[in-house]
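Student: First the structure, which I've put down as structure tokens, then a few questions once you've had a look.
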Amino acid sequence: MNGSDVLIYVQVDGNYVVVGSQRNATVNKNTATYDVSSKDTDDELVEPGRRSSTLDMDAVYVPSDTAYLELDAAYKASSPVYLEIQENLVTTETATAYIESFTKNFPDQDASTFSMTFHITGGWEEAGS
């Protein structure tokens, strides 16, 4: 599958709208572990703990883009955002998230971009579940 077949959408007024001019998106899913080792072994023994996830995304800066305006407002208000991942126009996962970082980049003689890191709260939900 080509990366351009996967797009990030954000909920605006109850409908999911694609974040315009996307360039990259990375979903990070992690499981913390905790040490359950004892004195009778030299080897570390671990158990799985809490899962966490973030989504990193960057796009060309289009200040009039509907999804961008929603994300900018959510960042300013520290409000949750509702995300959707689509592959070939089919929803695969949804999540509620908070914007953890928001960077705007305005280089000379190159496209202006923005990037965001979303911290997922409550995990990803598979579509249709």
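Identifiers for the structure tokens are assigned positionally: chains receive A, B, ... in sequence, residues are indexed from 1 per chain, and ligands are indexed from 1 in the order shown.
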Determine, counting only C-alpha atoms, which protein, DNA and RNA residues have an atom within 9 Å of an atom of Met1 of chain A; residues of the same chain fewer than 4 positions away are not included. Present the result as a PyMOL selection string.

Tutor: chain A and resi 5-6+87

Student: Which residues, written as an MDAnalysis selection string, have at least one atom at most 12 Å from Thr94 of chain A, with only C-alpha atoms counted and residues fewer than 3 positions away on the same chain left out?

Tutor: chainID A and resid 8:11 16 27 55 81:86 90:91 97 120:129

Student: Using C-alpha atoms, can you write the selected residues to a file as a PDB file, in the first residue's frame?

Tutor:
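Dumped everything to part_28.pdb:
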```
ATOM      1  CA  ILE A   8      -5.961  11.495   8.589  1.00  0.00           C
ATOM      2  CA  TYR A   9      -9.349  13.079   9.159  1.00  0.00           C
ATOM      3  CA  VAL A  10     -10.553  15.320  11.989  1.00  0.00           C
ATOM      4  CA  GLN A  11     -14.132  15.741  13.158  1.00  0.00           C
ATOM      5  CA  TYR A  16     -14.945  13.913   9.464  1.00  0.00           C
ATOM      6  CA  VAL A  27       1.056   6.095  14.285  1.00  0.00           C
ATOM      7  CA  LEU A  55      -0.002  10.153  15.985  1.00  0.00           C
ATOM      8  CA  VAL A  81      -9.971  16.285  18.863  1.00  0.00           C
ATOM      9  CA  TYR A  82     -11.589  13.293  17.213  1.00  0.00           C
ATOM     10  CA  LEU A  83      -9.408  11.555  14.649  1.00  0.00           C
ATOM     11  CA  GLU A  84     -10.100   9.007  11.961  1.00  0.00           C
ATOM     12  CA  ILE A  85      -7.679   7.029   9.813  1.00  0.00           C
ATOM     13  CA  GLN A  86      -8.855   6.034   6.355  1.00  0.00           C
ATOM     14  CA  VAL A  90     -12.367   3.230   4.168  1.00  0.00           C
ATOM     15  CA  THR A  91     -12.289   4.084   7.871  1.00  0.00           C
ATOM     16  CA  ALA A  97      -6.718  12.814  21.263  1.00  0.00           C
ATOM     17  CA  ILE A 120      -4.366   9.394  22.054  1.00  0.00           C
ATOM     18  CA  THR A 121      -6.580   9.058  25.114  1.00  0.00           C
ATOM     19  CA  GLY A 122      -8.450   5.790  25.620  1.00  0.00           C
ATOM     20  CA  GLY A 123      -6.795   3.972  22.730  1.00  0.00           C
ATOM     21  CA  TRP A 124      -7.686   3.462  19.087  1.00  0.00           C
ATOM     22  CA  GLU A 125     -11.030   1.901  18.190  1.00  0.00           C
ATOM     23  CA  GLU A 126     -11.260  -0.383  15.186  1.00  0.00           C
ATOM     24  CA  ALA A 127     -13.887   0.742  12.697  1.00  0.00           C
ATOM     25  CA  GLY A 128     -17.180  -1.039  13.175  1.00  0.00           C
ATOM     26  CA  SER A 129     -16.453  -2.171  16.733  1.00  0.00           C
TER      27      SER A 129
END
```

Student: Could you check which of A:Val18, A:Pro48, A:Tyr68, A:Asp13 is closest to Leu89 of chain A, using only C-alpha atoms?

Tutor: A:Val18

Student: Just how far from atom CA of Tyr98 of chain A is atom CA of Ser78 of chain A, in Å to one decimal?

Tutor: 7.3 Å

Student: Would you mind telling me which residue in A:Val62, A:Asp110, A:His119, A:Asp72 lies nearest to Lys29 of chain A when using only C-alpha atoms?

Tutor: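 Ranked by minimum distance to Lys29 of chain A, first place goes to A:His119.
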
Student: Among the residues of chain A, find those DSSP assigns to alpha helix (DSSP H) from the backbone and print them as a list in words.

Tutor: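 Checking each residue of chain A, the alpha helix (DSSP H) ones are Thr66, Ala67, Tyr68, Leu69, Glu70, Leu71, Asp72, Ala73, Ala74, Tyr75, Lys76 and Ala77 of chain A.
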
Student: Quick one: write out the picked residues with all heavy atoms as a PDB file, in the first residue's frame?

Tutor:
```
ATOM      1  N   THR A  66     -10.300  23.789   6.421  1.00  0.00           N
ATOM      2  CA  THR A  66     -11.298  23.579   7.483  1.00  0.00           C
ATOM      3  C   THR A  66     -10.748  22.740   8.627  1.00  0.00           C
ATOM      4  O   THR A  66     -10.919  23.081   9.799  1.00  0.00           O
ATOM      5  CB  THR A  66     -12.556  22.910   6.901  1.00  0.00           C
ATOM      6  OG1 THR A  66     -13.081  23.746   5.862  1.00  0.00           O
ATOM      7  CG2 THR A  66     -13.611  22.695   7.960  1.00  0.00           C
ATOM      8  N   ALA A  67     -10.086  21.641   8.316  1.00  0.00           N
ATOM      9  CA  ALA A  67      -9.542  20.773   9.364  1.00  0.00           C
ATOM     10  C   ALA A  67      -8.430  21.492  10.124  1.00  0.00           C
ATOM     11  O   ALA A  67      -8.348  21.393  11.354  1.00  0.00           O
ATOM     12  CB  ALA A  67      -9.027  19.470   8.768  1.00  0.00           C
ATOM     13  N   TYR A  68      -7.580  22.244   9.413  1.00  0.00           N
ATOM     14  CA  TYR A  68      -6.526  23.000  10.083  1.00  0.00           C
ATOM     15  C   TYR A  68      -7.123  23.997  11.073  1.00  0.00           C
ATOM     16  O   TYR A  68      -6.652  24.124  12.208  1.00  0.00           O
ATOM     17  CB  TYR A  68      -5.635  23.736   9.073  1.00  0.00           C
ATOM     18  CG  TYR A  68      -4.654  24.645   9.762  1.00  0.00           C
ATOM     19  CD1 TYR A  68      -3.463  24.151  10.269  1.00  0.00           C
ATOM     20  CD2 TYR A  68      -4.949  25.995   9.960  1.00  0.00           C
ATOM     21  CE1 TYR A  68      -2.572  24.965  10.950  1.00  0.00           C
ATOM     22  CE2 TYR A  68      -4.063  26.818  10.641  1.00  0.00           C
ATOM     23  CZ  TYR A  68      -2.891  26.298  11.134  1.00  0.00           C
ATOM     24  OH  TYR A  68      -2.025  27.109  11.822  1.00  0.00           O
ATOM     25  N   LEU A  69      -8.158  24.703  10.674  1.00  0.00           N
ATOM     26  CA  LEU A  69      -8.797  25.680  11.559  1.00  0.00           C
ATOM     27  C   LEU A  69      -9.361  25.007  12.805  1.00  0.00           C
ATOM     28  O   LEU A  69      -9.258  25.541  13.916  1.00  0.00           O
ATOM     29  CB  LEU A  69      -9.900  26.437  10.803  1.00  0.00           C
ATOM     30  CG  LEU A  69      -9.412  27.359   9.689  1.00  0.00           C
ATOM     31  CD1 LEU A  69     -10.592  27.864   8.863  1.00  0.00           C
ATOM     32  CD2 LEU A  69      -8.604  28.519  10.259  1.00  0.00           C
ATOM     33  N   GLU A  70      -9.939  23.825  12.645  1.00  0.00           N
ATOM     34  CA  GLU A  70     -10.464  23.066  13.789  1.00  0.00           C
ATOM     35  C   GLU A  70      -9.333  22.657  14.733  1.00  0.00           C
ATOM     36  O   GLU A  70      -9.459  22.769  15.956  1.00  0.00           O
ATOM     37  CB  GLU A  70     -11.218  21.834  13.294  1.00  0.00           C
ATOM     38  CG  GLU A  70     -11.841  21.003  14.388  1.00  0.00           C
ATOM     39  CD  GLU A  70     -13.051  21.643  15.035  1.00  0.00           C
ATOM     40  OE1 GLU A  70     -13.623  22.603  14.483  1.00  0.00           O
ATOM     41  OE2 GLU A  70     -13.445  21.177  16.129  1.00  0.00           O
ATOM     42  N   LEU A  71      -8.243  22.184  14.169  1.00  0.00           N
ATOM     43  CA  LEU A  71      -7.104  21.768  14.982  1.00  0.00           C
ATOM     44  C   LEU A  71      -6.483  22.962  15.715  1.00  0.00           C
ATOM     45  O   LEU A  71      -6.135  22.859  16.898  1.00  0.00           O
ATOM     46  CB  LEU A  71      -6.050  21.070  14.115  1.00  0.00           C
ATOM     47  CG  LEU A  71      -6.476  19.729  13.530  1.00  0.00           C
ATOM     48  CD1 LEU A  71      -5.474  19.254  12.489  1.00  0.00           C
ATOM     49  CD2 LEU A  71      -6.667  18.695  14.627  1.00  0.00           C
ATOM     50  N   ASP A  72      -6.364  24.076  15.031  1.00  0.00           N
ATOM     51  CA  ASP A  72      -5.804  25.282  15.647  1.00  0.00           C
ATOM     52  C   ASP A  72      -6.676  25.733  16.821  1.00  0.00           C
ATOM     53  O   ASP A  72      -6.166  26.050  17.898  1.00  0.00           O
ATOM     54  CB  ASP A  72      -5.690  26.385  14.595  1.00  0.00           C
ATOM     55  CG  ASP A  72      -4.930  27.600  15.078  1.00  0.00           C
ATOM     56  OD1 ASP A  72      -3.854  27.428  15.692  1.00  0.00           O
ATOM     57  OD2 ASP A  72      -5.401  28.730  14.842  1.00  0.00           O
ATOM     58  N   ALA A  73      -7.985  25.716  16.630  1.00  0.00           N
ATOM     59  CA  ALA A  73      -8.909  26.110  17.706  1.00  0.00           C
ATOM     60  C   ALA A  73      -8.838  25.133  18.874  1.00  0.00           C
ATOM     61  O   ALA A  73      -8.855  25.542  20.043  1.00  0.00           O
ATOM     62  CB  ALA A  73     -10.339  26.204  17.159  1.00  0.00           C
ATOM     63  N   ALA A  74      -8.752  23.847  18.579  1.00  0.00           N
ATOM     64  CA  ALA A  74      -8.665  22.837  19.639  1.00  0.00           C
ATOM     65  C   ALA A  74      -7.380  22.994  20.435  1.00  0.00           C
ATOM     66  O   ALA A  74      -7.382  22.863  21.666  1.00  0.00           O
ATOM     67  CB  ALA A  74      -8.745  21.433  19.043  1.00  0.00           C
ATOM     68  N   TYR A  75      -6.290  23.293  19.744  1.00  0.00           N
ATOM     69  CA  TYR A  75      -5.020  23.504  20.445  1.00  0.00           C
ATOM     70  C   TYR A  75      -5.134  24.699  21.393  1.00  0.00           C
ATOM     71  O   TYR A  75      -4.750  24.621  22.561  1.00  0.00           O
ATOM     72  CB  TYR A  75      -3.880  23.711  19.448  1.00  0.00           C
ATOM     73  CG  TYR A  75      -2.596  24.069  20.143  1.00  0.00           C
ATOM     74  CD1 TYR A  75      -1.853  23.095  20.795  1.00  0.00           C
ATOM     75  CD2 TYR A  75      -2.152  25.383  20.193  1.00  0.00           C
ATOM     76  CE1 TYR A  75      -0.691  23.419  21.480  1.00  0.00           C
ATOM     77  CE2 TYR A  75      -0.994  25.712  20.862  1.00  0.00           C
ATOM     78  CZ  TYR A  75      -0.264  24.728  21.510  1.00  0.00           C
ATOM     79  OH  TYR A  75       0.874  25.066  22.189  1.00  0.00           O
ATOM     80  N   LYS A  76      -5.673  25.802  20.896  1.00  0.00           N
ATOM     81  CA  LYS A  76      -5.786  27.020  21.699  1.00  0.00           C
ATOM     82  C   LYS A  76      -6.690  26.826  22.911  1.00  0.00           C
ATOM     83  O   LYS A  76      -6.467  27.426  23.962  1.00  0.00           O
ATOM     84  CB  LYS A  76      -6.282  28.175  20.833  1.00  0.00           C
ATOM     85  CG  LYS A  76      -5.252  28.638  19.825  1.00  0.00           C
ATOM     86  CD  LYS A  76      -5.825  29.683  18.885  1.00  0.00           C
ATOM     87  CE  LYS A  76      -4.785  30.094  17.850  1.00  0.00           C
ATOM     88  NZ  LYS A  76      -5.364  30.969  16.818  1.00  0.00           N
ATOM     89  N   ALA A  77      -7.709  25.981  22.772  1.00  0.00           N
ATOM     90  CA  ALA A  77      -8.670  25.747  23.858  1.00  0.00           C
ATOM     91  C   ALA A  77      -8.321  24.532  24.713  1.00  0.00           C
ATOM     92  O   ALA A  77      -9.042  24.215  25.650  1.00  0.00           O
ATOM     93  CB  ALA A  77     -10.070  25.574  23.267  1.00  0.00           C
TER      94      ALA A  77
END
```

Student: In Å to one decimal, how far is atom CA of Asn2 of chain A from atom CA of Glu93 of chain A?

Tutor: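 Answer for the atom CA of Glu93 of chain A to atom CA of Asn2 of chain A separation: 17.7 Å.
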
Student: Counting only C-alpha atoms, which residue out of A:Leu7, A:Ile99, A:Thr54, A:Glu44 sits closest to Asn30 of chain A?

Tutor: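 Ranked by minimum distance to Asn30 of chain A, first place goes to A:Thr54.
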
Student: Rank A:Ser4, A:Gln109, A:Arg23, A:Glu100 by their smallest atom-to-atom distance to Tyr61 of chain A, using only C-alpha atoms, and report the top residue only.

Tutor: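 Of A:Ser4, A:Gln109, A:Arg23, A:Glu100, the one nearest Tyr61 of chain A is A:Arg23, counting only C-alpha atoms.
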
Student: Near Ala25 of chain A, counting only C-alpha atoms, which residues have an atom at most 7 Å away, once you skip same-chain residues fewer than 5 positions from it, shown as a PyMOL selection string?

Tutor: chain A and resi 55-58

Student: Please produce a file of the residues just selected, as a compact mmCIF listing (two decimals), in the first residue's frame, where the atoms kept are all heavy atoms.

Tutor:
```txt
# COMPACT_ATOMS: atom_id res chain seq x y z
N LEU A 55 0.05 10.02 17.44
CA LEU A 55 0.00 10.15 15.99
C LEU A 55 0.78 11.41 15.65
O LEU A 55 0.49 12.48 16.20
CB LEU A 55 -1.44 10.27 15.48
CG LEU A 55 -1.53 10.53 13.98
CD1 LEU A 55 -2.16 9.35 13.29
CD2 LEU A 55 -2.31 11.78 13.69
N ASP A 56 1.79 11.28 14.82
CA ASP A 56 2.56 12.42 14.33
C ASP A 56 2.14 12.68 12.90
O ASP A 56 2.05 11.75 12.10
CB ASP A 56 4.06 12.13 14.38
CG ASP A 56 4.56 11.83 15.77
OD1 ASP A 56 4.20 12.58 16.69
OD2 ASP A 56 5.31 10.86 15.93
N MET A 57 1.87 13.94 12.58
CA MET A 57 1.39 14.27 11.25
C MET A 57 2.00 15.59 10.81
O MET A 57 2.19 16.49 11.62
CB MET A 57 -0.12 14.39 11.26
CG MET A 57 -0.74 14.64 9.91
SD MET A 57 -2.40 15.31 10.06
CE MET A 57 -2.01 16.95 10.58
N ASP A 58 2.31 15.71 9.53
CA ASP A 58 2.69 17.02 9.01
C ASP A 58 2.01 17.24 7.67
O ASP A 58 1.64 16.29 6.97
CB ASP A 58 4.20 17.21 8.94
CG ASP A 58 4.90 16.27 8.00
OD1 ASP A 58 4.89 16.54 6.79
OD2 ASP A 58 5.46 15.28 8.48
```

Student: Restricting the calculation to only C-alpha atoms, which member of A:Asn15, A:Thr33, A:Gln22, A:Thr117 is positioned closest to Asp65 of chain A?

Tutor: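 That would be A:Gln22, the residue with the smallest distance to Asp65 of chain A.
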
Student: For the structure I just gave you, how does DSSP split segment 22-125 of chain A - specifically, which residues are strand (DSSP E)? Reply as a PyMOL selection string.

Tutor: chain A and resi 22-35+46-60+81-87+90-105+113-125

Student: Skipping near chain neighbours, those fewer than 6 positions away, what residues fall within 6 Å of segment 45-47 of chain A using only C-alpha atoms, listed as a PyMOL selection string?

Tutor: chain A and resi 33-37
